[in-house]
file final_13.pdb (PDB, C-alpha atoms)
ATOM      1  CA  MET T  25     329.125 -37.881 -74.592
ATOM      2  CA  LYS T  26     326.700 -39.054 -71.927
ATOM      3  CA  THR T  27     323.947 -36.727 -70.870
ATOM      4  CA  ALA T  28     323.791 -35.136 -67.471
ATOM      5  CA  GLN T  29     321.856 -37.123 -64.901
ATOM      6  CA  ALA T  30     320.825 -34.187 -62.698
ATOM      7  CA  PRO T  31     317.982 -31.948 -63.872
ATOM      8  CA  VAL T  32     319.232 -29.127 -66.061
ATOM      9  CA  GLY T  33     317.613 -25.715 -66.288
ATOM     10  CA  GLY T  34     318.380 -22.747 -68.439
ATOM     11  CA  GLN T  35     317.432 -19.366 -69.761
ATOM     12  CA  ALA T  36     317.821 -17.322 -72.899
ATOM     13  CA  ILE T  37     320.311 -14.453 -72.888
ATOM     14  CA  VAL T  38     321.361 -11.900 -75.507
ATOM     15  CA  GLU T  39     322.220 -13.942 -78.617
ATOM     16  CA  GLY T  40     322.671 -17.098 -76.623
ATOM     17  CA  VAL T  41     321.617 -19.610 -73.992
ATOM     18  CA  MET T  42     322.651 -20.348 -70.422
ATOM     19  CA  PHE T  43     322.345 -23.862 -68.973
ATOM     20  CA  GLN T  44     322.888 -24.756 -65.332
ATOM     21  CA  ASN T  45     322.867 -27.756 -63.050
ATOM     22  CA  ALA T  46     323.421 -28.056 -59.308
ATOM     23  CA  THR T  47     327.092 -27.048 -59.447
ATOM     24  CA  HIS T  48     327.848 -25.115 -62.638
ATOM     25  CA  ALA T  49     326.356 -22.685 -65.115
ATOM     26  CA  VAL T  50     327.563 -22.244 -68.699
ATOM     27  CA  SER T  51     326.552 -19.654 -71.279
ATOM     28  CA  ALA T  52     327.230 -19.653 -74.994
ATOM     29  CA  ILE T  53     326.628 -16.725 -77.339
ATOM     30  CA  ARG T  54     327.117 -16.211 -81.047
ATOM     31  CA  ARG T  55     329.225 -13.144 -81.587
ATOM     32  CA  ASN T  56     328.936 -10.733 -84.490
ATOM     33  CA  ASP T  57     331.714 -12.552 -86.405
ATOM     34  CA  ASP T  58     329.630 -15.765 -86.248
ATOM     35  CA  THR T  59     331.931 -17.447 -83.703
ATOM     36  CA  ILE T  60     330.607 -19.005 -80.495
ATOM     37  CA  GLU T  61     332.039 -17.937 -77.159
ATOM     38  CA  THR T  62     331.314 -19.492 -73.767
ATOM     39  CA  PHE T  63     331.341 -18.297 -70.198
ATOM     40  CA  GLU T  64     331.628 -20.946 -67.473
ATOM     41  CA  GLN T  65     331.066 -20.385 -63.788
ATOM     42  CA  LYS T  66     330.923 -22.571 -60.703
ATOM     43  CA  LYS T  67     327.784 -21.767 -58.776
ATOM     44  CA  PRO T  68     328.519 -20.271 -55.356
ATOM     45  CA  ILE T  69     327.248 -22.027 -52.256
ATOM     46  CA  ARG T  70     324.615 -19.967 -50.437
ATOM     47  CA  PRO T  71     323.646 -21.849 -47.243
ATOM     48  CA  ARG T  72     320.739 -19.569 -46.322
ATOM     49  CA  ILE T  73     319.259 -19.790 -49.804
ATOM     50  CA  ALA T  74     319.676 -23.572 -49.754
ATOM     51  CA  VAL T  75     317.793 -23.810 -46.452
ATOM     52  CA  GLY T  76     315.064 -21.444 -47.639
ATOM     53  CA  LYS T  77     314.519 -23.486 -50.807
ATOM     54  CA  LYS T  78     313.519 -26.467 -48.682
ATOM     55  CA  ILE T  79     310.688 -24.683 -46.879
ATOM     56  CA  PRO T  80     307.305 -25.098 -48.615
ATOM     57  CA  LEU T  81     305.355 -21.953 -49.560
ATOM     58  CA  ILE T  82     308.334 -19.620 -49.179
ATOM     59  CA  ARG T  83     310.875 -21.595 -51.209
ATOM     60  CA  GLY T  84     309.569 -19.967 -54.382
ATOM     61  CA  LEU T  85     310.780 -16.577 -53.146
ATOM     62  CA  PHE T  86     314.235 -18.003 -52.408
ATOM     63  CA  ALA T  87     314.319 -19.688 -55.816
ATOM     64  CA  LEU T  88     313.517 -16.352 -57.451
ATOM     65  CA  VAL T  89     316.366 -14.626 -55.626
ATOM     66  CA  GLU T  90     318.817 -17.403 -56.494
ATOM     67  CA  SER T  91     317.779 -17.438 -60.140
ATOM     68  CA  SER T  92     318.348 -13.690 -60.457
ATOM     69  CA  ALA T  93     321.705 -13.908 -58.689
ATOM     70  CA  ASN T  94     322.952 -16.811 -60.820
ATOM     71  CA  GLY T  95     321.811 -15.225 -64.070
ATOM     72  CA  ALA T  96     323.306 -11.776 -63.411
ATOM     73  CA  SER T  97     326.890 -12.531 -64.433
ATOM     74  CA  HIS T  98     325.760 -14.450 -67.517
ATOM     75  CA  MET T  99     323.584 -11.593 -68.720
ATOM     76  CA  ASN T 100     326.555  -9.315 -68.080
ATOM     77  CA  PHE T 101     328.795 -11.592 -70.162
ATOM     78  CA  ALA T 102     326.327 -11.684 -73.052
ATOM     79  CA  SER T 103     325.798  -7.918 -73.136
ATOM     80  CA  ASP T 104     329.551  -7.256 -72.847
ATOM     81  CA  ARG T 105     330.922  -9.692 -75.412
ATOM     82  CA  TYR T 106     328.304  -9.632 -78.143
ATOM     83  CA  GLY T 107     328.742  -5.935 -78.892
ATOM     84  CA  VAL T 108     332.566  -5.988 -78.975
ATOM     85  CA  ASN T 109     334.246  -6.749 -82.285
ATOM     86  CA  PRO T 110     336.667  -9.691 -82.040
ATOM     87  CA  GLY T 111     340.272  -8.507 -81.759
ATOM     88  CA  GLU T 112     339.242  -5.159 -80.362
ATOM     89  CA  GLU T 113     339.974  -4.493 -76.737
ATOM     90  CA  GLU T 114     337.070  -2.915 -74.965
ATOM     91  CA  PRO T 115     338.007   0.520 -73.595
ATOM     92  CA  GLU T 116     338.312   0.675 -69.842
ATOM     93  CA  GLU T 117     335.652   3.359 -69.532
ATOM     94  CA  ALA T 118     333.162   1.324 -71.546
ATOM     95  CA  SER T 119     333.938  -1.761 -69.496
ATOM     96  CA  GLN T 120     333.396   0.170 -66.302
ATOM     97  CA  GLY T 121     330.133   1.491 -67.716
ATOM     98  CA  GLN T 122     328.923  -2.028 -68.364
ATOM     99  CA  LEU T 123     329.941  -3.062 -64.855
ATOM    100  CA  THR T 124     328.005  -0.170 -63.371
ATOM    101  CA  LYS T 125     325.042  -0.885 -65.597
ATOM    102  CA  TRP T 126     324.778  -4.518 -64.548
ATOM    103  CA  LEU T 127     325.785  -4.063 -60.907
ATOM    104  CA  GLY T 128     323.040  -5.435 -58.725
ATOM    105  CA  VAL T 129     321.167  -7.160 -61.552
ATOM    106  CA  ALA T 130     320.043  -9.850 -59.144
ATOM    107  CA  VAL T 131     318.424  -7.329 -56.798
ATOM    108  CA  LEU T 132     316.983  -5.271 -59.626
ATOM    109  CA  GLY T 133     315.616  -8.405 -61.273
ATOM    110  CA  VAL T 134     313.717  -9.407 -58.144
ATOM    111  CA  LEU T 135     312.445  -5.879 -57.549
ATOM    112  CA  SER T 136     311.357  -5.576 -61.178
ATOM    113  CA  PHE T 137     309.467  -8.848 -60.932
ATOM    114  CA  PHE T 138     307.633  -7.748 -57.801
ATOM    115  CA  PHE T 139     306.878  -4.307 -59.244
ATOM    116  CA  GLY T 140     305.560  -5.827 -62.468
ATOM    117  CA  LYS T 141     303.527  -8.400 -60.559
ATOM    118  CA  LEU T 142     302.158  -5.628 -58.348
ATOM    119  CA  MET T 143     301.041  -3.599 -61.358
ATOM    120  CA  PHE T 144     299.508  -6.650 -63.032
ATOM    121  CA  THR T 145     297.678  -7.308 -59.776
ATOM    122  CA  LEU T 146     296.367  -3.853 -58.856
ATOM    123  CA  LEU T 147     295.429  -2.611 -62.325
ATOM    124  CA  PRO T 148     293.112  -5.561 -63.118
ATOM    125  CA  ALA T 149     291.522  -5.207 -59.674
ATOM    126  CA  PHE T 150     290.815  -1.545 -60.346
ATOM    127  CA  LEU T 151     289.483  -2.178 -63.866
ATOM    128  CA  ALA T 152     287.248  -5.004 -62.656
ATOM    129  CA  SER T 153     285.799  -2.736 -59.949
ATOM    130  CA  LEU T 154     284.545  -0.372 -62.658
ATOM    131  CA  PHE T 155     282.124  -3.086 -63.779
ATOM    132  CA  SER T 156     280.656  -3.338 -60.280
ATOM    133  CA  TYR T 157     278.311  -0.458 -61.126
ATOM    134  CA  PHE T 158     276.373  -2.980 -63.191
ATOM    135  CA  PRO T 159     274.311  -5.162 -60.799
ATOM    136  CA  ALA T 160     274.886  -8.334 -62.808
ATOM    137  CA  LEU T 161     278.664  -7.854 -62.528
ATOM    138  CA  SER T 162     278.901  -6.693 -58.930
ATOM    139  CA  GLY T 163     278.909 -10.055 -57.150
ATOM    140  CA  HIS T 164     281.983 -11.267 -55.250
ATOM    141  CA  VAL T 165     282.661 -14.287 -57.460
ATOM    142  CA  ILE T 166     281.948 -12.537 -60.764
ATOM    143  CA  GLN T 167     284.256  -9.690 -59.760
ATOM    144  CA  ASN T 168     287.068 -12.162 -59.153
ATOM    145  CA  VAL T 169     286.351 -13.831 -62.490
ATOM    146  CA  LEU T 170     286.476 -10.464 -64.277
ATOM    147  CA  GLU T 171     289.719  -9.605 -62.537
ATOM    148  CA  ALA T 172     291.327 -12.890 -63.605
ATOM    149  CA  VAL T 173     290.141 -12.474 -67.202
ATOM    150  CA  ILE T 174     291.558  -8.934 -67.351
ATOM    151  CA  LYS T 175     294.875 -10.202 -65.966
ATOM    152  CA  LEU T 176     295.081 -12.869 -68.652
ATOM    153  CA  MET T 177     294.223 -10.368 -71.374
ATOM    154  CA  LEU T 178     296.911  -7.949 -70.153
ATOM    155  CA  LEU T 179     299.484 -10.733 -69.821
ATOM    156  CA  PHE T 180     298.857 -12.200 -73.272
ATOM    157  CA  SER T 181     298.723  -8.757 -74.919
ATOM    158  CA  TYR T 182     301.970  -7.673 -73.259
ATOM    159  CA  LEU T 183     303.855 -10.826 -74.242
ATOM    160  CA  TYR T 184     302.524 -10.713 -77.789
ATOM    161  CA  LEU T 185     303.422  -7.060 -78.321
ATOM    162  CA  ILE T 186     306.974  -7.347 -76.984
ATOM    163  CA  SER T 187     307.502 -10.507 -79.045
ATOM    164  CA  LEU T 188     307.067  -8.364 -82.166
ATOM    165  CA  THR T 189     310.249  -6.401 -81.421
ATOM    166  CA  PRO T 190     313.369  -7.870 -83.094
ATOM    167  CA  LEU T 191     315.404  -8.158 -79.880
ATOM    168  CA  VAL T 192     312.712  -9.942 -77.863
ATOM    169  CA  LYS T 193     311.780 -12.141 -80.822
ATOM    170  CA  ARG T 194     315.369 -13.425 -81.016
ATOM    171  CA  LEU T 195     315.416 -13.851 -77.234
ATOM    172  CA  PHE T 196     312.266 -15.971 -77.473
ATOM    173  CA  GLN T 197     313.876 -17.999 -80.286
ATOM    174  CA  TYR T 198     316.837 -18.791 -78.043
ATOM    175  CA  HIS T 199     314.307 -19.661 -75.321
ATOM    176  CA  GLY T 200     312.808 -22.144 -77.768
ATOM    177  CA  ALA T 201     316.267 -23.520 -78.588
ATOM    178  CA  GLU T 202     316.937 -24.038 -74.878
ATOM    179  CA  HIS T 203     313.730 -26.059 -74.472
ATOM    180  CA  LYS T 204     314.380 -28.092 -77.592
ATOM    181  CA  VAL T 205     317.845 -29.108 -76.412
ATOM    182  CA  ILE T 206     316.572 -30.212 -73.000
ATOM    183  CA  ASN T 207     313.673 -32.127 -74.566
ATOM    184  CA  CYS T 208     316.046 -33.814 -76.997
ATOM    185  CA  VAL T 209     318.377 -34.881 -74.185
ATOM    186  CA  GLU T 210     315.538 -36.075 -71.946
ATOM    187  CA  SER T 211     314.111 -38.144 -74.799
ATOM    188  CA  GLY T 212     317.433 -40.000 -75.084
ATOM    189  CA  LYS T 213     318.187 -38.886 -78.638
ATOM    190  CA  PRO T 214     321.703 -37.915 -79.764
ATOM    191  CA  LEU T 215     322.266 -34.193 -79.433
ATOM    192  CA  THR T 216     322.342 -33.123 -83.075
ATOM    193  CA  VAL T 217     320.867 -30.116 -84.859
ATOM    194  CA  GLU T 218     318.441 -32.392 -86.714
ATOM    195  CA  ASN T 219     317.162 -34.079 -83.547
ATOM    196  CA  VAL T 220     316.899 -30.818 -81.637
ATOM    197  CA  ARG T 221     315.037 -29.164 -84.512
ATOM    198  CA  THR T 222     312.282 -31.799 -84.359
ATOM    199  CA  SER T 223     311.970 -31.630 -80.555
ATOM    200  CA  SER T 224     309.232 -29.629 -78.868
ATOM    201  CA  ARG T 225     309.867 -26.027 -77.870
ATOM    202  CA  LEU T 226     307.528 -26.474 -74.871
ATOM    203  CA  HIS T 227     308.738 -27.810 -71.540
ATOM    204  CA  TYR T 228     307.081 -28.596 -68.227
ATOM    205  CA  ARG T 229     309.815 -27.001 -66.094
ATOM    206  CA  CYS T 230     309.716 -23.638 -67.868
ATOM    207  CA  GLY T 231     309.664 -20.704 -65.479
ATOM    208  CA  SER T 232     307.379 -18.684 -67.728
ATOM    209  CA  SER T 233     304.587 -21.122 -66.840
ATOM    210  CA  PHE T 234     304.842 -19.629 -63.380
ATOM    211  CA  LEU T 235     303.287 -16.393 -64.686
ATOM    212  CA  ILE T 236     299.981 -17.943 -65.641
ATOM    213  CA  PHE T 237     299.866 -20.006 -62.460
ATOM    214  CA  THR T 238     299.950 -16.774 -60.422
ATOM    215  CA  VAL T 239     296.751 -15.704 -62.191
ATOM    216  CA  ILE T 240     294.987 -19.023 -61.602
ATOM    217  CA  VAL T 241     296.154 -19.401 -58.000
ATOM    218  CA  GLY T 242     295.412 -15.743 -57.319
ATOM    219  CA  PHE T 243     291.806 -16.223 -58.407
ATOM    220  CA  PHE T 244     291.208 -18.847 -55.717
ATOM    221  CA  VAL T 245     293.192 -17.032 -53.016
ATOM    222  CA  TYR T 246     291.371 -13.748 -53.571
ATOM    223  CA  LEU T 247     288.004 -15.458 -53.195
ATOM    224  CA  ILE T 248     288.551 -15.493 -49.426
ATOM    225  CA  VAL T 249     288.943 -11.709 -49.120
ATOM    226  CA  PRO T 250     286.427  -8.928 -49.877
ATOM    227  CA  THR T 251     286.270  -7.083 -53.193
ATOM    228  CA  ASP T 252     284.454  -4.088 -51.746
ATOM    229  CA  PRO T 253     285.375  -1.376 -50.893
ATOM    230  CA  LEU T 254     288.071  -0.868 -53.515
ATOM    231  CA  TRP T 255     290.776   0.298 -51.083
ATOM    232  CA  LEU T 256     290.389  -2.879 -49.004
ATOM    233  CA  ARG T 257     290.449  -4.975 -52.151
ATOM    234  CA  LEU T 258     293.761  -3.424 -53.218
ATOM    235  CA  VAL T 259     295.283  -3.743 -49.757
ATOM    236  CA  CYS T 260     294.361  -7.434 -49.632
ATOM    237  CA  ARG T 261     295.890  -7.995 -53.063
ATOM    238  CA  ILE T 262     299.191  -6.465 -51.925
ATOM    239  CA  ALA T 263     299.220  -8.346 -48.605
ATOM    240  CA  LEU T 264     298.492 -11.703 -50.264
ATOM    241  CA  LEU T 265     300.966 -11.305 -53.120
ATOM    242  CA  PRO T 266     303.735 -13.328 -51.367
ATOM    243  CA  VAL T 267     301.159 -16.037 -50.636
ATOM    244  CA  VAL T 268     300.103 -16.186 -54.282
ATOM    245  CA  ILE T 269     303.728 -16.353 -55.444
ATOM    246  CA  GLY T 270     304.560 -19.093 -52.928
ATOM    247  CA  LEU T 271     301.532 -21.219 -53.834
ATOM    248  CA  SER T 272     302.123 -20.709 -57.557
ATOM    249  CA  PHE T 273     305.648 -22.045 -57.203
ATOM    250  CA  GLU T 274     304.258 -25.142 -55.473
ATOM    251  CA  VAL T 275     301.832 -25.648 -58.363
ATOM    252  CA  LEU T 276     304.728 -25.337 -60.806
ATOM    253  CA  GLN T 277     306.634 -27.981 -58.857
ATOM    254  CA  LEU T 278     303.563 -30.210 -58.915
ATOM    255  CA  THR T 279     303.288 -29.959 -62.697
ATOM    256  CA  ASN T 280     306.897 -31.104 -62.979
ATOM    257  CA  LYS T 281     306.064 -34.234 -60.992
ATOM    258  CA  ALA T 282     302.715 -34.801 -62.707
ATOM    259  CA  GLN T 283     303.989 -34.810 -66.283
ATOM    260  CA  SER T 284     304.358 -38.597 -66.225
ATOM    261  CA  ILE T 285     300.891 -39.150 -64.730
ATOM    262  CA  ARG T 286     298.286 -39.114 -67.477
ATOM    263  CA  GLY T 287     295.362 -37.945 -65.363
ATOM    264  CA  LEU T 288     297.288 -35.044 -63.817
ATOM    265  CA  ARG T 289     298.964 -33.694 -66.936
ATOM    266  CA  VAL T 290     296.030 -31.341 -67.448
ATOM    267  CA  ILE T 291     297.244 -29.032 -64.662
ATOM    268  CA  ALA T 292     300.337 -28.254 -66.720
ATOM    269  CA  LEU T 293     298.408 -27.255 -69.854
ATOM    270  CA  PRO T 294     297.963 -23.525 -69.043
ATOM    271  CA  GLY T 295     301.717 -23.145 -68.557
ATOM    272  CA  LEU T 296     302.463 -24.995 -71.779
ATOM    273  CA  TRP T 297     299.968 -22.843 -73.702
ATOM    274  CA  LEU T 298     301.673 -19.676 -72.458
ATOM    275  CA  GLN T 299     304.963 -20.943 -73.850
ATOM    276  CA  TYR T 300     303.561 -20.550 -77.356
ATOM    277  CA  LEU T 301     304.036 -16.823 -76.689
ATOM    278  CA  THR T 302     307.312 -16.913 -74.718
ATOM    279  CA  THR T 303     309.137 -19.261 -77.109
ATOM    280  CA  LYS T 304     309.645 -19.098 -80.865
ATOM    281  CA  GLU T 305     311.011 -21.622 -83.334
ATOM    282  CA  PRO T 306     314.805 -21.136 -83.526
ATOM    283  CA  ASP T 307     316.923 -21.398 -86.654
ATOM    284  CA  ASP T 308     319.772 -23.888 -86.963
ATOM    285  CA  SER T 309     322.437 -21.376 -85.960
ATOM    286  CA  GLN T 310     320.600 -20.685 -82.701
ATOM    287  CA  ILE T 311     320.208 -24.405 -82.078
ATOM    288  CA  GLU T 312     323.963 -24.822 -82.560
ATOM    289  CA  VAL T 313     324.610 -22.237 -79.837
ATOM    290  CA  ALA T 314     322.261 -24.014 -77.431
ATOM    291  CA  ILE T 315     323.910 -27.383 -78.125
ATOM    292  CA  TYR T 316     327.334 -25.814 -77.615
ATOM    293  CA  ALA T 317     326.266 -24.457 -74.202
ATOM    294  CA  PHE T 318     324.772 -27.761 -73.092
ATOM    295  CA  GLU T 319     327.812 -29.796 -74.126
ATOM    296  CA  ALA T 320     330.092 -27.324 -72.327
ATOM    297  CA  LEU T 321     328.016 -27.851 -69.177
ATOM    298  CA  GLU T 322     328.288 -31.611 -69.576
ATOM    299  CA  LYS T 323     332.041 -31.263 -69.894
ATOM    300  CA  GLN T 324     332.138 -29.375 -66.597
ATOM    301  CA  GLU T 325     330.081 -32.113 -64.944
ATOM    302  CA  HIS T 326     332.349 -34.789 -66.413
ATOM    303  CA  ASN T 327     335.464 -33.011 -65.106
ATOM    304  CA  LEU T 328     333.873 -32.663 -61.672
ATOM    305  CA  HIS T 329     333.134 -36.387 -61.628
ATOM    306  CA  GLU T 330     336.678 -37.259 -62.726
ATOM    307  CA  ASN T 331     338.194 -35.029 -60.040
ATOM    308  CA  ALA T 332     335.971 -36.637 -57.398
ATOM    309  CA  LEU T 333     337.278 -40.060 -58.431
ATOM    310  CA  GLY T 334     340.838 -38.781 -58.140
TER
END

call {"tool": "encode", "arguments": {"input": "final_13.pdb", "output": "structure tokens"}}
result
Amino acid sequence: MKTAQAPVGGQAIVEGVMFQNATHAVSAIRRNDDTIETFEQKKPIRPRIAVGKKIPLIRGLFALVESSANGASHMNFASDRYGVNPGEEEPEEASQGQLTKWLGVAVLGVLSFFFGKLMFTLLPAFLASLFSYFPALSGHVIQNVLEAVIKLMLLFSYLYLISLTPLVKRLFQYHGAEHKVINCVESGKPLTVENVRTSSRLHYRCGSSFLIFTVIVGFFVYLIVPTDPLWLRLVCRIALLPVVIGLSFEVLQLTNKAQSIRGLRVIALPGLWLQYLTTKEPDDSQIEVAIYAFEALEKQEHNLHENALG
């Protein structure tokens, strides 16, 4: 089967992987009886989102909203189907409970991101200000450096600690499987477990790289606003948060384009380094699920092409 020509993205879900292209999204999960089940969905057309994604500096916000919206139903599918024994019909009350639980996942996902980013922005600013009582650490530039270092320490510590939990560890393994499949396809190799296993689990287009870019971009943006008094420092951080997010998305886009330019590849290194925390080496059964999802997406693309030809 030929590989998809359009860029393919994806994300890890509960016991599985979701891949998507411009028109479709397909998820595959391994159920508790060791079978693989898929969920296929045609991506809805959202004209306002499409327009917003073309506007520099704010298109990152629109991309975040779209990503949360597209992933909501697939996360719902994974959480619903994995926990239900095959052959058993899920009770109506339980099904309704799951629907209520996942209702508005797109909105909650965006709000959670902004809340988390806000906390990871204000807390480091406050902690860095405590060092300003020492004359050598009270300067404007050194305060911004301290703030950025504290952010990185909090980010790395948080990701490392949650990766120790069994659920998140398996999620990160499926994240690694997703990257390996895409790298295998983009390298032109046949999509087999053996080839995917030897492919890299790091990828330039990974969204998790965006996290570390917000720290780096934020350091330079916050240099133009005061760090004292503390209340003004915090207000400026909140006001400039959309700017930092927008610029960070542009940097992420730049790294995607620069990966083939030797001298510019260095700007992608911080994002790739972070992926050593957000991805783990998958086992063969997880790789099989990721391959299954990708091939199902290719089948959808093939059918779309055939229908277009009549």

call {"tool": "residues_around", "arguments": {"input": "final_13.pdb", "residues": "segment 77-87 of chain T", "least_positions_apart": "4", "cutoff": "8 Å", "atoms": "only C-alpha atoms", "output": "ChimeraX atom specification"}}
result
/T:73,91,266-267,269-271,273-274

call {"tool": "atom_distance", "arguments": {"input": "final_13.pdb", "atom1": "atom CA of Leu265 of chain T", "atom2": "atom CA of His199 of chain T"}}
result
27.2 Å

call {"tool": "resolve_selection", "arguments": {"input": "final_13.pdb", "expression": "the PyMOL selection byres ((chain T and resi 165) around 10)", "output": "number ranges by chain"}}
result
T: 161-164, 166-171, 243-244, 246-247, 251

call {"tool": "atom_distance", "arguments": {"input": "final_13.pdb", "atom1": "atom CA of Trp255 of chain T", "atom2": "atom CA of Ser153 of chain T"}}
result
10.6 Å

call {"tool": "closest_residue", "arguments": {"input": "final_13.pdb", "among": "T:Ala52, T:Val32, T:Cys260, T:Val241", "to": "Phe101 of chain T", "atoms": "only C-alpha atoms"}}
result
T:Ala52

call {"tool": "residues_around", "arguments": {"input": "final_13.pdb", "residues": "Asn207 of chain T", "least_positions_apart": "4", "cutoff": "9 Å", "atoms": "all atoms listed in the file", "output": "VMD selection string"}}
result
chain T and resid 202 to 203 211 to 212 220 223 to 227

call {"tool": "write_last_selection", "arguments": {"input": "final_13.pdb", "atoms": "C-alpha atoms", "output": "mmCIF file, in the coordinates of the input"}}
result
data_model
loop_
_atom_site.group_PDB
_atom_site.id
_atom_site.type_symbol
_atom_site.label_atom_id
_atom_site.label_comp_id
_atom_site.auth_asym_id
_atom_site.auth_seq_id
_atom_site.Cartn_x
_atom_site.Cartn_y
_atom_site.Cartn_z
ATOM 1 C CA GLU T 202 316.937 -24.038 -74.878
ATOM 2 C CA HIS T 203 313.730 -26.059 -74.472
ATOM 3 C CA SER T 211 314.111 -38.144 -74.799
ATOM 4 C CA GLY T 212 317.433 -40.000 -75.084
ATOM 5 C CA VAL T 220 316.899 -30.818 -81.637
ATOM 6 C CA SER T 223 311.970 -31.630 -80.555
ATOM 7 C CA SER T 224 309.232 -29.629 -78.868
ATOM 8 C CA ARG T 225 309.867 -26.027 -77.870
ATOM 9 C CA LEU T 226 307.528 -26.474 -74.871
ATOM 10 C CA HIS T 227 308.738 -27.810 -71.540
#

call {"tool": "axis_aligned_box", "arguments": {"input": "final_13.pdb", "around": "segment 208-212 of chain T", "padding_each_side": "5 Å", "output": "JSON"}}
result
{"center_x": 316.2, "center_y": -36.9, "center_z": -74.5, "size_x": 14.3, "size_y": 16.2, "size_z": 15.1}

call {"tool": "closest_residue", "arguments": {"input": "final_13.pdb", "among": "T:Arg261, T:Lys66, T:Lys141, T:Arg194", "to": "Val41 of chain T", "atoms": "all atoms listed in the file"}}
result
T:Arg194

call {"tool": "atom_distance", "arguments": {"input": "final_13.pdb", "atom1": "atom CA of Pro68 of chain T", "atom2": "atom CA of His48 of chain T"}}
result
8.8 Å
